[in-house]
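**Q** File name my_file.cif; file contents mmCIF, C-alpha atoms and all ligand atoms; full text below.
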data_upload
#
loop_
_atom_site.label_atom_id
_atom_site.label_comp_id
_atom_site.auth_asym_id
_atom_site.auth_seq_id
_atom_site.Cartn_x
_atom_site.Cartn_y
_atom_site.Cartn_z
CA MET A 1365 -17.49 -38.61 25.36
CA GLN A 1366 -16.67 -39.76 21.83
CA TYR A 1367 -17.45 -38.59 18.31
CA SER A 1368 -15.97 -38.87 14.85
CA LEU A 1369 -15.50 -36.12 12.29
CA SER A 1370 -14.88 -36.67 8.61
CA PHE A 1371 -12.56 -34.40 6.70
CA PRO A 1372 -11.46 -34.78 3.06
CA GLY A 1373 -8.11 -35.89 4.54
CA GLY A 1374 -9.62 -38.61 6.74
CA THR A 1375 -11.94 -39.37 9.64
CA VAL A 1376 -10.80 -38.51 13.16
CA LYS A 1377 -12.20 -40.16 16.26
CA TYR A 1378 -12.22 -37.85 19.29
CA THR A 1379 -12.29 -39.33 22.78
CA PHE A 1380 -12.56 -36.99 25.76
CA GLN A 1381 -12.23 -37.53 29.50
CA ALA A 1382 -10.55 -40.88 29.11
CA ALA A 1383 -7.50 -42.67 30.48
CA LEU A 1384 -4.47 -43.55 28.35
CA SER A 1385 -4.71 -47.18 29.50
CA GLU A 1386 -8.04 -47.50 27.65
CA LEU A 1387 -6.42 -46.47 24.41
CA LEU A 1388 -3.32 -48.63 24.80
CA GLY A 1389 -5.49 -51.56 25.85
CA SER A 1390 -7.00 -51.56 22.36
CA TYR A 1391 -3.58 -52.28 20.77
CA THR A 1392 -1.21 -55.20 21.08
CA SER A 1393 2.47 -54.34 21.37
CA ALA A 1394 2.97 -55.61 17.81
CA ASP A 1395 0.36 -53.19 16.37
CA CYS A 1396 1.73 -49.87 17.48
CA ILE A 1397 4.80 -47.82 18.28
CA LEU A 1398 4.65 -44.98 20.78
CA LEU A 1399 6.43 -41.73 19.92
CA ILE A 1400 6.82 -40.11 23.32
CA ASP A 1401 8.14 -36.76 24.53
CA SER A 1402 11.24 -37.80 26.51
CA LYS A 1403 10.22 -35.68 29.52
CA LEU A 1404 6.92 -37.54 29.73
CA ALA A 1405 8.70 -40.85 29.43
CA GLU A 1406 10.69 -39.89 32.56
CA THR A 1407 7.59 -38.94 34.55
CA TYR A 1408 5.02 -41.42 33.25
CA GLY A 1409 7.34 -44.24 32.10
CA ASN A 1410 5.29 -47.00 33.72
CA SER A 1411 2.20 -46.09 31.72
CA PHE A 1412 3.99 -47.00 28.49
CA SER A 1413 5.71 -50.21 29.50
CA GLY A 1414 5.20 -53.23 27.29
CA TYR A 1415 5.02 -51.12 24.13
CA ARG A 1416 7.73 -50.28 21.63
CA GLN A 1417 8.85 -46.70 22.18
CA ILE A 1418 10.70 -43.95 20.38
CA LEU A 1419 11.62 -40.96 22.51
CA LEU A 1420 11.55 -37.45 21.16
CA GLU A 1421 13.15 -34.25 22.44
CA ALA A 1422 10.55 -31.46 22.68
CA GLY A 1423 11.34 -27.78 22.07
CA GLU A 1424 11.05 -25.69 18.93
CA GLU A 1425 14.68 -26.21 17.91
CA GLN A 1426 14.12 -29.95 17.98
CA LYS A 1427 11.23 -29.74 15.50
CA SER A 1428 13.70 -30.48 12.76
CA LEU A 1429 14.26 -32.67 9.76
CA HIS A 1430 17.17 -34.09 11.73
CA GLN A 1431 14.89 -35.37 14.49
CA ALA A 1432 12.31 -36.56 11.93
CA ALA A 1433 15.11 -38.56 10.26
CA SER A 1434 16.11 -40.06 13.59
CA VAL A 1435 12.49 -41.15 14.25
CA THR A 1436 12.35 -42.62 10.73
CA ALA A 1437 15.56 -44.59 11.35
CA GLN A 1438 14.12 -46.01 14.59
CA LEU A 1439 10.88 -46.97 12.82
CA LEU A 1440 12.98 -48.88 10.31
CA GLN A 1441 14.83 -50.63 13.11
CA TYR A 1442 11.49 -51.67 14.57
CA GLU A 1443 10.50 -52.85 11.07
CA ALA A 1444 7.42 -50.62 11.11
CA HIS A 1445 5.18 -51.33 8.14
CA ARG A 1446 1.95 -49.96 6.72
CA GLY A 1447 -0.09 -51.88 9.27
CA THR A 1448 1.73 -50.20 12.19
CA THR A 1449 0.05 -47.34 14.09
CA LEU A 1450 2.32 -44.57 15.32
CA ILE A 1451 0.92 -42.92 18.46
CA GLY A 1452 2.33 -39.48 19.29
CA ILE A 1453 2.19 -38.73 23.03
CA GLY A 1454 3.31 -35.24 23.96
CA GLY A 1455 2.92 -31.58 23.13
CA GLY A 1456 2.69 -29.90 19.74
CA ILE A 1457 6.29 -30.70 18.85
CA THR A 1458 5.61 -34.41 19.28
CA THR A 1459 2.27 -34.38 17.45
CA ASP A 1460 3.66 -32.27 14.56
CA ILE A 1461 6.67 -34.57 14.07
CA CYS A 1462 4.57 -37.69 14.58
CA GLY A 1463 2.11 -36.64 11.85
CA PHE A 1464 4.91 -35.62 9.51
CA VAL A 1465 6.90 -38.82 9.84
CA ALA A 1466 3.78 -41.00 9.74
CA ALA A 1467 2.52 -39.26 6.59
CA THR A 1468 5.83 -39.76 4.77
CA TYR A 1469 7.16 -43.12 6.04
CA MET A 1470 6.33 -45.64 3.29
CA ARG A 1471 3.93 -42.97 1.97
CA GLY A 1472 1.76 -43.22 5.03
CA LEU A 1473 1.48 -45.03 8.35
CA ARG A 1474 -1.65 -44.97 10.49
CA PHE A 1475 -1.25 -42.49 13.30
CA GLY A 1476 -3.04 -40.88 16.22
CA PHE A 1477 -2.33 -38.43 19.00
CA VAL A 1478 -2.48 -38.19 22.77
CA PRO A 1479 -1.84 -34.47 23.31
CA THR A 1480 -0.37 -33.70 26.73
CA THR A 1481 -0.03 -29.90 26.74
CA LEU A 1482 -2.97 -27.52 26.85
CA LEU A 1483 -1.72 -26.02 23.60
CA ALA A 1484 -1.68 -29.35 21.83
CA MET A 1485 -5.09 -30.32 23.26
CA CYS A 1486 -6.72 -27.08 22.11
CA ASP A 1487 -4.83 -26.50 18.92
CA ALA A 1488 -1.72 -28.30 17.65
CA ALA A 1489 -3.11 -31.85 17.61
CA ILE A 1490 -6.23 -30.80 15.70
CA GLY A 1491 -6.62 -30.14 12.02
CA GLY A 1492 -4.18 -32.45 10.24
CA LYS A 1493 -1.33 -29.99 9.71
CA ASN A 1494 1.99 -31.62 10.51
CA GLY A 1495 5.52 -30.58 9.87
CA VAL A 1496 8.98 -29.53 10.88
CA ASN A 1497 10.92 -26.27 10.82
CA PHE A 1498 13.72 -25.66 8.36
CA GLY A 1499 16.34 -22.99 8.97
CA LEU A 1500 14.55 -19.96 10.34
CA GLN A 1501 11.27 -20.93 8.68
CA LYS A 1502 8.65 -22.46 10.94
CA ASN A 1503 6.75 -25.43 9.54
CA LEU A 1504 8.34 -25.03 6.10
CA LEU A 1505 8.19 -28.76 5.44
CA GLY A 1506 4.90 -30.45 6.15
CA THR A 1507 1.84 -32.37 5.13
CA ILE A 1508 -1.88 -32.14 5.73
CA GLN A 1509 -3.16 -35.49 6.85
CA GLN A 1510 -5.65 -36.22 9.61
CA PRO A 1511 -4.74 -38.51 12.51
CA GLU A 1512 -7.06 -41.49 13.00
CA PHE A 1513 -7.76 -40.45 16.56
CA ILE A 1514 -7.12 -37.76 19.15
CA PHE A 1515 -7.36 -39.04 22.67
CA TYR A 1516 -7.74 -36.69 25.65
CA ASP A 1517 -6.39 -37.73 29.04
CA THR A 1518 -6.25 -34.42 30.87
CA ARG A 1519 -4.55 -35.94 33.90
CA PHE A 1520 -1.29 -35.37 32.01
CA LEU A 1521 -1.82 -31.65 32.64
CA GLU A 1522 -1.17 -32.16 36.36
CA THR A 1523 2.57 -31.96 35.64
CA LEU A 1524 2.43 -29.16 33.07
CA PRO A 1525 4.72 -26.24 34.06
CA ALA A 1526 3.10 -22.83 34.61
CA ALA A 1527 4.65 -21.27 31.50
CA GLU A 1528 3.14 -24.06 29.37
CA TRP A 1529 -0.31 -23.38 30.80
CA SER A 1530 0.09 -19.77 29.72
CA ASN A 1531 1.29 -20.88 26.31
CA GLY A 1532 -1.89 -22.88 25.83
CA PHE A 1533 -4.10 -20.07 27.05
CA ALA A 1534 -2.74 -17.81 24.29
CA GLU A 1535 -4.49 -20.10 21.78
CA VAL A 1536 -7.63 -20.22 23.92
CA ILE A 1537 -7.68 -16.42 23.99
CA LYS A 1538 -7.13 -16.45 20.21
CA TYR A 1539 -10.35 -18.48 19.70
CA ALA A 1540 -12.20 -16.12 22.03
CA CYS A 1541 -11.04 -13.05 20.07
CA LEU A 1542 -11.87 -14.61 16.72
CA PHE A 1543 -15.17 -16.35 17.33
CA ASP A 1544 -16.51 -16.27 20.85
CA ARG A 1545 -17.43 -13.09 22.73
CA ALA A 1546 -19.00 -15.15 25.54
CA LEU A 1547 -15.73 -17.03 26.03
CA PHE A 1548 -13.82 -13.74 26.02
CA ASP A 1549 -16.09 -12.52 28.83
CA GLU A 1550 -15.83 -15.82 30.73
CA LEU A 1551 -12.04 -15.76 30.57
CA SER A 1552 -12.04 -12.13 31.70
CA GLN A 1553 -13.96 -13.10 34.84
CA HIS A 1554 -11.57 -15.91 35.77
CA ASP A 1555 -7.87 -16.61 35.79
CA LEU A 1556 -5.44 -19.44 35.22
CA GLY A 1557 -5.91 -20.94 38.71
CA ASN A 1558 -9.64 -21.25 38.13
CA TYR A 1559 -9.13 -23.69 35.26
CA GLN A 1560 -6.14 -25.46 36.81
CA ASN A 1561 -8.19 -26.29 39.89
CA ASN A 1562 -11.53 -27.02 38.28
CA SER A 1563 -11.32 -30.04 36.01
CA GLU A 1564 -14.91 -29.70 34.85
CA ALA A 1565 -14.39 -26.10 33.71
CA LEU A 1566 -11.14 -27.16 32.05
CA GLN A 1567 -12.81 -30.03 30.16
CA LEU A 1568 -15.54 -27.74 28.89
CA LEU A 1569 -12.97 -25.16 27.86
CA ILE A 1570 -10.90 -27.71 25.91
CA GLU A 1571 -13.95 -29.18 24.18
CA ARG A 1572 -15.11 -25.68 23.23
CA CYS A 1573 -11.73 -24.89 21.66
CA VAL A 1574 -11.69 -28.23 19.83
CA ASN A 1575 -15.10 -27.32 18.36
CA TRP A 1576 -13.93 -23.92 17.20
CA LYS A 1577 -10.89 -25.33 15.49
CA ASN A 1578 -12.83 -28.17 13.89
CA ASN A 1579 -15.54 -25.80 12.60
CA ILE A 1580 -12.85 -23.98 10.70
CA VAL A 1581 -10.95 -27.05 9.49
CA LEU A 1582 -14.17 -28.73 8.32
CA ALA A 1583 -14.87 -25.69 6.15
CA ASP A 1584 -11.34 -25.27 4.84
CA GLU A 1585 -8.92 -28.11 5.53
CA HIS A 1586 -6.26 -26.82 3.11
CA GLU A 1587 -6.25 -23.20 4.25
CA ASN A 1588 -7.54 -21.62 1.07
CA GLY A 1589 -9.72 -19.20 3.00
CA ARG A 1590 -11.28 -19.30 6.46
CA ARG A 1591 -8.57 -21.42 8.05
CA LYS A 1592 -6.26 -18.43 7.62
CA LEU A 1593 -8.22 -16.80 10.44
CA LEU A 1594 -6.45 -19.12 12.88
CA ASN A 1595 -3.27 -17.20 12.10
CA PHE A 1596 -4.55 -14.31 14.20
CA GLY A 1597 -1.55 -13.11 16.19
CA HIS A 1598 0.72 -15.58 14.41
CA THR A 1599 2.23 -13.53 11.57
CA ALA A 1600 4.20 -11.12 13.73
CA GLY A 1601 4.05 -13.76 16.49
CA HIS A 1602 6.07 -16.36 14.54
CA ALA A 1603 8.71 -13.78 13.62
CA ILE A 1604 9.01 -12.64 17.25
CA GLU A 1605 9.12 -16.25 18.43
CA THR A 1606 11.96 -17.03 15.99
CA VAL A 1607 14.06 -13.96 16.70
CA HIS A 1608 13.63 -13.83 20.47
CA LYS A 1609 13.37 -17.59 21.12
CA MET A 1610 10.20 -16.71 22.97
CA PRO A 1611 7.62 -19.42 23.81
CA HIS A 1612 5.02 -19.75 21.05
CA GLY A 1613 2.04 -18.53 23.07
CA PHE A 1614 3.93 -15.60 24.56
CA ALA A 1615 4.83 -14.39 21.07
CA VAL A 1616 1.30 -15.01 19.79
CA GLY A 1617 -0.10 -12.86 22.63
CA ILE A 1618 2.12 -10.00 21.51
CA GLY A 1619 1.19 -10.72 17.89
CA MET A 1620 -2.51 -10.39 18.80
CA LEU A 1621 -1.85 -6.99 20.39
CA ILE A 1622 0.02 -5.87 17.25
CA ALA A 1623 -2.92 -7.07 15.12
CA CYS A 1624 -5.27 -5.00 17.31
CA ASN A 1625 -3.01 -2.01 16.83
CA ILE A 1626 -3.20 -2.36 13.03
CA SER A 1627 -6.97 -2.96 13.29
CA GLU A 1628 -7.35 0.34 15.13
CA THR A 1629 -5.68 2.18 12.25
CA ILE A 1630 -7.32 0.35 9.37
CA LEU A 1631 -10.69 -0.76 10.73
CA GLN A 1632 -11.23 1.72 13.54
CA LEU A 1633 -11.26 -1.07 16.11
CA ASP A 1634 -12.20 0.44 19.45
CA VAL A 1635 -9.02 0.97 21.51
CA THR A 1636 -10.71 -0.47 24.57
CA ILE A 1637 -10.56 -3.91 22.91
CA ARG A 1638 -6.77 -3.85 22.97
CA GLN A 1639 -6.88 -2.75 26.61
CA GLN A 1640 -9.25 -5.62 27.49
CA LEU A 1641 -7.00 -8.04 25.63
CA GLU A 1642 -3.94 -6.79 27.52
CA THR A 1643 -5.70 -7.37 30.83
CA LEU A 1644 -6.79 -10.82 29.71
CA LEU A 1645 -3.30 -11.84 28.57
CA GLN A 1646 -1.88 -10.75 31.92
CA ARG A 1647 -4.50 -12.75 33.81
CA TYR A 1648 -3.24 -15.88 32.07
CA GLY A 1649 0.45 -15.17 32.68
CA LEU A 1650 1.26 -13.80 29.23
CA PRO A 1651 3.47 -10.78 28.53
CA VAL A 1652 2.00 -7.62 27.02
CA ALA A 1653 5.27 -5.83 26.37
CA ALA A 1654 8.63 -6.96 25.07
CA ASN A 1655 11.89 -5.46 24.03
CA ILE A 1656 11.56 -6.35 20.37
CA ASP A 1657 14.48 -6.27 17.95
CA THR A 1658 12.38 -4.61 15.27
CA GLU A 1659 14.87 -4.96 12.41
CA ALA A 1660 15.46 -8.66 13.02
CA VAL A 1661 11.72 -9.36 13.33
CA LEU A 1662 11.02 -7.45 10.14
CA SER A 1663 13.65 -9.37 8.23
CA VAL A 1664 12.04 -12.68 9.23
CA LEU A 1665 8.68 -11.24 8.14
CA LYS A 1666 10.24 -10.28 4.80
CA MET A 1667 11.06 -13.94 4.23
CA ASP A 1668 7.38 -14.67 4.89
CA LYS A 1669 6.48 -12.02 2.36
CA LYS A 1670 8.66 -13.70 -0.26
CA ARG A 1671 6.80 -16.92 0.39
CA SER A 1672 3.47 -15.25 -0.36
CA ALA A 1673 4.77 -13.25 -3.35
CA GLY A 1674 4.28 -9.67 -2.27
CA SER A 1675 1.80 -8.61 0.35
CA ILE A 1676 1.10 -10.47 3.59
CA SER A 1677 -2.29 -11.91 4.52
CA TYR A 1678 -3.05 -10.48 7.94
CA ILE A 1679 -5.86 -11.31 10.33
CA LEU A 1680 -7.47 -8.23 11.83
CA LEU A 1681 -10.47 -7.62 14.07
CA GLU A 1682 -13.45 -5.35 13.54
CA ASP A 1683 -14.57 -6.39 17.00
CA ILE A 1684 -14.28 -9.41 19.30
CA GLY A 1685 -15.85 -12.24 17.29
CA LYS A 1686 -15.53 -10.34 13.99
CA PRO A 1687 -12.26 -11.21 12.30
CA ILE A 1688 -11.34 -10.30 8.75
CA ILE A 1689 -8.49 -11.20 6.42
CA ARG A 1690 -6.67 -8.30 4.77
CA GLU A 1691 -3.73 -8.21 2.41
CA LEU A 1692 -1.38 -5.69 3.99
CA ASP A 1693 1.64 -3.88 2.62
CA PHE A 1694 4.82 -4.56 4.44
CA ASP A 1695 5.02 -0.87 5.46
CA GLU A 1696 1.75 -1.05 7.42
CA ILE A 1697 3.02 -4.00 9.44
CA GLN A 1698 6.42 -2.40 9.93
CA LEU A 1699 4.80 0.69 11.40
CA ALA A 1700 2.71 -1.30 13.88
CA ILE A 1701 5.65 -3.41 15.06
CA LYS A 1702 7.82 -0.32 15.48
CA SER A 1703 5.15 1.45 17.48
CA PHE A 1704 4.67 -1.65 19.68
CA ALA A 1705 8.43 -2.00 20.25
CA HIS A 1706 8.65 1.68 21.09
CA ALA A 1707 5.76 1.47 23.58
CA GLY A 1708 7.38 -1.63 25.14
CA SER A 1709 10.72 0.06 25.69
CA SER A 1710 9.36 3.32 27.15
N1 LIG A 1801 -0.13 -28.42 13.65
C1 LIG A 1801 -0.81 -27.36 14.05
O1 LIG A 1801 -1.88 -27.07 13.53
C2 LIG A 1801 -0.25 -26.53 15.15
C3 LIG A 1801 -1.04 -25.56 15.77
C4 LIG A 1801 -0.50 -24.85 16.85
C5 LIG A 1801 0.80 -25.08 17.25
N2 LIG A 1801 1.55 -26.00 16.60
C6 LIG A 1801 2.93 -26.25 16.99
O2 LIG A 1801 2.96 -26.76 18.32
C7 LIG A 1801 4.25 -26.51 18.86
C8 LIG A 1801 4.13 -26.06 20.30
O3 LIG A 1801 3.48 -27.06 21.03
P1 LIG A 1801 3.69 -27.17 22.62
O4 LIG A 1801 3.56 -25.84 23.21
O5 LIG A 1801 2.80 -28.26 23.08
O6 LIG A 1801 5.24 -27.54 22.72
P2 LIG A 1801 6.09 -28.82 23.23
O7 LIG A 1801 5.67 -30.05 22.56
O8 LIG A 1801 7.53 -28.41 23.10
O9 LIG A 1801 5.72 -28.93 24.78
C9 LIG A 1801 6.09 -27.89 25.63
C10 LIG A 1801 6.89 -28.39 26.84
O10 LIG A 1801 6.03 -29.11 27.71
C11 LIG A 1801 6.59 -30.38 28.03
N3 LIG A 1801 5.46 -31.25 28.30
C12 LIG A 1801 4.59 -31.80 27.43
N4 LIG A 1801 3.58 -32.40 28.09
C13 LIG A 1801 3.84 -32.28 29.40
C14 LIG A 1801 3.18 -32.70 30.58
N5 LIG A 1801 2.01 -33.32 30.53
N6 LIG A 1801 3.75 -32.42 31.78
C15 LIG A 1801 4.93 -31.75 31.83
N7 LIG A 1801 5.59 -31.29 30.75
C16 LIG A 1801 5.04 -31.55 29.56
C17 LIG A 1801 7.45 -30.71 26.84
O11 LIG A 1801 8.49 -31.63 27.17
C18 LIG A 1801 8.02 -29.35 26.47
O12 LIG A 1801 9.12 -29.04 27.29
C19 LIG A 1801 4.89 -25.45 17.98
O13 LIG A 1801 5.92 -26.04 17.20
C20 LIG A 1801 3.76 -25.00 17.06
O14 LIG A 1801 4.21 -24.61 15.76
C21 LIG A 1801 1.05 -26.74 15.57
ZN ZN A 1802 -0.28 -21.13 17.64
#
Can you give me the file's structure in the form of structure tokens?
**A**
Amino acid sequence: MQYSLSFPGGTVKYTFQAALSELLGSYTSADCILLIDSKLAETYGNSFSGYRQILLEAGEEQKSLHQAASVTAQLLQYEAHRGTTLIGIGGGITTDICGFVAATYMRGLRFGFVPTTLLAMCDAAIGGKNGVNFGLQKNLLGTIQQPEFIFYDTRFLETLPAAEWSNGFAEVIKYACLFDRALFDELSQHDLGNYQNNSEALQLLIERCVNWKNNIVLADEHENGRRKLLNFGHTAGHAIETVHKMPHGFAVGIGMLIACNISETILQLDVTIRQQLETLLQRYGLPVAANIDTEAVLSVLKMDKKRSAGSISYILLEDIGKPIIRELDFDEIQLAIKSFAHAGSS
């Protein structure tokens, strides 16, 4: 299946249920350069032969200006020019760096993505946000520019480690909580194995998530309003991820539980929602408790607060499928994180 979507920042062609060879077959080796996650290059090396390649180390600590500079230097060596297409093949680290370097190299190369993790397929590759981390700040340096294409070859998922499946499901569960009660119920009736072993169900799930993300990005590409909703679970989540070096999705799962906790206090969210969410997270291999270093997490959040001049925009739930954005005082967040950390350690 194929369709194109037009955003202010460019038109993106989506291709689903396709094979990488079809995409590469539409380029000559002089037209493109492949930016490939080095682990994938080891496993799938033959699929890329004949094309110029730049290998990238995945992992959050590698999403750095340093690695972006190294990619830029290799592009120069290859004499990449404004007619060259940079194709990022890998997880969210690869697609974020690919988009960032492509948007800045000579003020803009053409670029597209072949996401190879569930997380990148459902989330990171979509929406045009690119960037790298700087110091303790995630995604501090970045651009918003749409890729020309996003190409889905789900056979790459056959080698995805279990923890990375769980990571991706945290974002899937996020969409369910925010927008899709039916999906929340569907996920509650299944588990990870169901989707790993049923490619049709997996395809439908990915396409559904792509739709949810695109609905939001079409309405608000530059995150002035509705796009903020996608930060559900991510405010505390990012701070926990940074301090505890926890995988993104694992931290986001905990962040969603903390957001439910705050929603119970402020919006009288039914406590059974948090219980259902806990069960769901566990079904998909995600933790629901953690020994959180509250002070360290709060100090990272304080840096976030400085960035937004005062209060913090927080995504809360009135119910599954009914998110709202609230400006919260730091104290309200502090209380919820402390109570979560306390519950986790008892
Ligand atoms: N730009 C956005 O809008 C957006 C949205 C969500 C997340 N993100 C970013 O995405 C990043 C996380 O992405 P990720 O979880 O894909 O991380 P990642 O790119 O580090 O990939 C995770 C791991 O899986 C490996 N891998 C990738 N594909 C594989 C495959 N097919 N088989 C086996 N191993 C494979 C990688 O080598 C890596 O070890 C974070 O930096 C996050 O900030 C960006
Ligand atoms: Zn995320």
**Q** Please identify every residue of chain A that has at least one atom no farther than 8 Å from an atom of ligand LIG 1801 (chain A), counting all atoms listed in the file, and for each give the shortest atom pair and the distance in Å to one decimal, arranged by chain then increasing number, as a tab-separated table.
**A**
residue	atom	partner	partner_atom	distance
A:Asp1401	CA	A:LIG1801	O11	5.8
A:Ser1402	CA	A:LIG1801	O11	6.8
A:Lys1403	CA	A:LIG1801	O11	5.0
A:Leu1404	CA	A:LIG1801	C13	6.1
A:Glu1421	CA	A:LIG1801	O11	7.1
A:Ala1422	CA	A:LIG1801	O8	4.3
A:Gly1423	CA	A:LIG1801	O8	4.0
A:Glu1424	CA	A:LIG1801	O13	5.4
A:Lys1427	CA	A:LIG1801	O13	6.7
A:Gly1454	CA	A:LIG1801	N4	5.0
A:Gly1455	CA	A:LIG1801	O7	3.2
A:Gly1456	CA	A:LIG1801	O3	3.2
A:Ile1457	CA	A:LIG1801	O7	3.8
A:Thr1458	CA	A:LIG1801	O7	5.5
A:Thr1459	CA	A:LIG1801	N1	7.5
A:Asp1460	CA	A:LIG1801	N1	5.5
A:Pro1479	CA	A:LIG1801	N4	7.5
A:Thr1480	CA	A:LIG1801	N4	4.4
A:Thr1481	CA	A:LIG1801	N4	4.6
A:Leu1482	CA	A:LIG1801	O5	6.9
A:Leu1483	CA	A:LIG1801	O5	5.1
A:Ala1484	CA	A:LIG1801	O5	4.8
A:Asp1487	CA	A:LIG1801	C3	5.0
A:Ala1488	CA	A:LIG1801	C3	3.4
A:Ala1489	CA	A:LIG1801	N1	6.0
A:Ile1490	CA	A:LIG1801	O1	6.1
A:Gly1491	CA	A:LIG1801	O1	5.8
A:Gly1492	CA	A:LIG1801	N1	6.7
A:Lys1493	CA	A:LIG1801	N1	4.4
A:Asn1494	CA	A:LIG1801	N1	5.0
A:Gly1495	CA	A:LIG1801	N1	7.1
A:Val1496	CA	A:LIG1801	O13	7.8
A:Lys1502	CA	A:LIG1801	O14	6.9
A:Asn1503	CA	A:LIG1801	O14	6.8
A:Arg1519	CA	A:LIG1801	N5	7.8
A:Phe1520	CA	A:LIG1801	N5	4.2
A:Leu1521	CA	A:LIG1801	N5	4.7
A:Glu1522	CA	A:LIG1801	N6	6.7
A:Thr1523	CA	A:LIG1801	N6	4.1
A:Leu1524	CA	A:LIG1801	N6	3.7
A:Pro1525	CA	A:LIG1801	C15	5.9
A:Glu1528	CA	A:LIG1801	O10	6.1
A:Asn1531	CA	A:LIG1801	O4	6.3
A:Gly1532	CA	A:LIG1801	O4	6.7
A:Glu1535	CA	A:LIG1801	C4	7.9
A:Pro1611	CA	A:LIG1801	O4	7.6
A:His1612	CA	A:LIG1801	C8	6.4
A:Gly1613	CA	A:LIG1801	O4	7.5
**Q** Save the residues we just selected, C-alpha atoms, as a PDB file, in the frame of the given file?
**A**
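As a result, out.pdb now contains:
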ATOM      1  CA  ASP A1401       8.140 -36.760  24.530  1.00  0.00           C
ATOM      2  CA  SER A1402      11.240 -37.800  26.510  1.00  0.00           C
ATOM      3  CA  LYS A1403      10.220 -35.680  29.520  1.00  0.00           C
ATOM      4  CA  LEU A1404       6.920 -37.540  29.730  1.00  0.00           C
ATOM      5  CA  GLU A1421      13.150 -34.250  22.440  1.00  0.00           C
ATOM      6  CA  ALA A1422      10.550 -31.460  22.680  1.00  0.00           C
ATOM      7  CA  GLY A1423      11.340 -27.780  22.070  1.00  0.00           C
ATOM      8  CA  GLU A1424      11.050 -25.690  18.930  1.00  0.00           C
ATOM      9  CA  LYS A1427      11.230 -29.740  15.500  1.00  0.00           C
ATOM     10  CA  GLY A1454       3.310 -35.240  23.960  1.00  0.00           C
ATOM     11  CA  GLY A1455       2.920 -31.580  23.130  1.00  0.00           C
ATOM     12  CA  GLY A1456       2.690 -29.900  19.740  1.00  0.00           C
ATOM     13  CA  ILE A1457       6.290 -30.700  18.850  1.00  0.00           C
ATOM     14  CA  THR A1458       5.610 -34.410  19.280  1.00  0.00           C
ATOM     15  CA  THR A1459       2.270 -34.380  17.450  1.00  0.00           C
ATOM     16  CA  ASP A1460       3.660 -32.270  14.560  1.00  0.00           C
ATOM     17  CA  PRO A1479      -1.840 -34.470  23.310  1.00  0.00           C
ATOM     18  CA  THR A1480      -0.370 -33.700  26.730  1.00  0.00           C
ATOM     19  CA  THR A1481      -0.030 -29.900  26.740  1.00  0.00           C
ATOM     20  CA  LEU A1482      -2.970 -27.520  26.850  1.00  0.00           C
ATOM     21  CA  LEU A1483      -1.720 -26.020  23.600  1.00  0.00           C
ATOM     22  CA  ALA A1484      -1.680 -29.350  21.830  1.00  0.00           C
ATOM     23  CA  ASP A1487      -4.830 -26.500  18.920  1.00  0.00           C
ATOM     24  CA  ALA A1488      -1.720 -28.300  17.650  1.00  0.00           C
ATOM     25  CA  ALA A1489      -3.110 -31.850  17.610  1.00  0.00           C
ATOM     26  CA  ILE A1490      -6.230 -30.800  15.700  1.00  0.00           C
ATOM     27  CA  GLY A1491      -6.620 -30.140  12.020  1.00  0.00           C
ATOM     28  CA  GLY A1492      -4.180 -32.450  10.240  1.00  0.00           C
ATOM     29  CA  LYS A1493      -1.330 -29.990   9.710  1.00  0.00           C
ATOM     30  CA  ASN A1494       1.990 -31.620  10.510  1.00  0.00           C
ATOM     31  CA  GLY A1495       5.520 -30.580   9.870  1.00  0.00           C
ATOM     32  CA  VAL A1496       8.980 -29.530  10.880  1.00  0.00           C
ATOM     33  CA  LYS A1502       8.650 -22.460  10.940  1.00  0.00           C
ATOM     34  CA  ASN A1503       6.750 -25.430   9.540  1.00  0.00           C
ATOM     35  CA  ARG A1519      -4.550 -35.940  33.900  1.00  0.00           C
ATOM     36  CA  PHE A1520      -1.290 -35.370  32.010  1.00  0.00           C
ATOM     37  CA  LEU A1521      -1.820 -31.650  32.640  1.00  0.00           C
ATOM     38  CA  GLU A1522      -1.170 -32.160  36.360  1.00  0.00           C
ATOM     39  CA  THR A1523       2.570 -31.960  35.640  1.00  0.00           C
ATOM     40  CA  LEU A1524       2.430 -29.160  33.070  1.00  0.00           C
ATOM     41  CA  PRO A1525       4.720 -26.240  34.060  1.00  0.00           C
ATOM     42  CA  GLU A1528       3.140 -24.060  29.370  1.00  0.00           C
ATOM     43  CA  ASN A1531       1.290 -20.880  26.310  1.00  0.00           C
ATOM     44  CA  GLY A1532      -1.890 -22.880  25.830  1.00  0.00           C
ATOM     45  CA  GLU A1535      -4.490 -20.100  21.780  1.00  0.00           C
ATOM     46  CA  PRO A1611       7.620 -19.420  23.810  1.00  0.00           C
ATOM     47  CA  HIS A1612       5.020 -19.750  21.050  1.00  0.00           C
ATOM     48  CA  GLY A1613       2.040 -18.530  23.070  1.00  0.00           C
TER      49      GLY A1613
END
**Q** Work out how far apart CA of Phe1548 in chain A and CA of Ala1623 in chain A are and give it in Å to one decimal.
**A** 16.8 Å
**Q** Which residues, written as JSON, numbers by chain, have at least one atom at most 10 Å from Ala1526 in chain A, with only C-alpha atoms counted and residues fewer than 6 positions away on the same chain left out?
**A** {"A": [1556, 1560, 1648, 1649]}
**Q** List the neighbours of Ser1703 in chain A out to 12 Å using all atoms listed in the file; skip same-chain residues closer than 6 positions along the sequence, and give me the result as a list in words.
**A**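 Selected residues are Leu1621, Ile1622, Ala1623, Asn1625, Ile1626, Ala1653, Ala1654, Asn1655, Ile1656, Thr1658, Glu1696, Ile1697, Ser1709 and Ser1710 of chain A.
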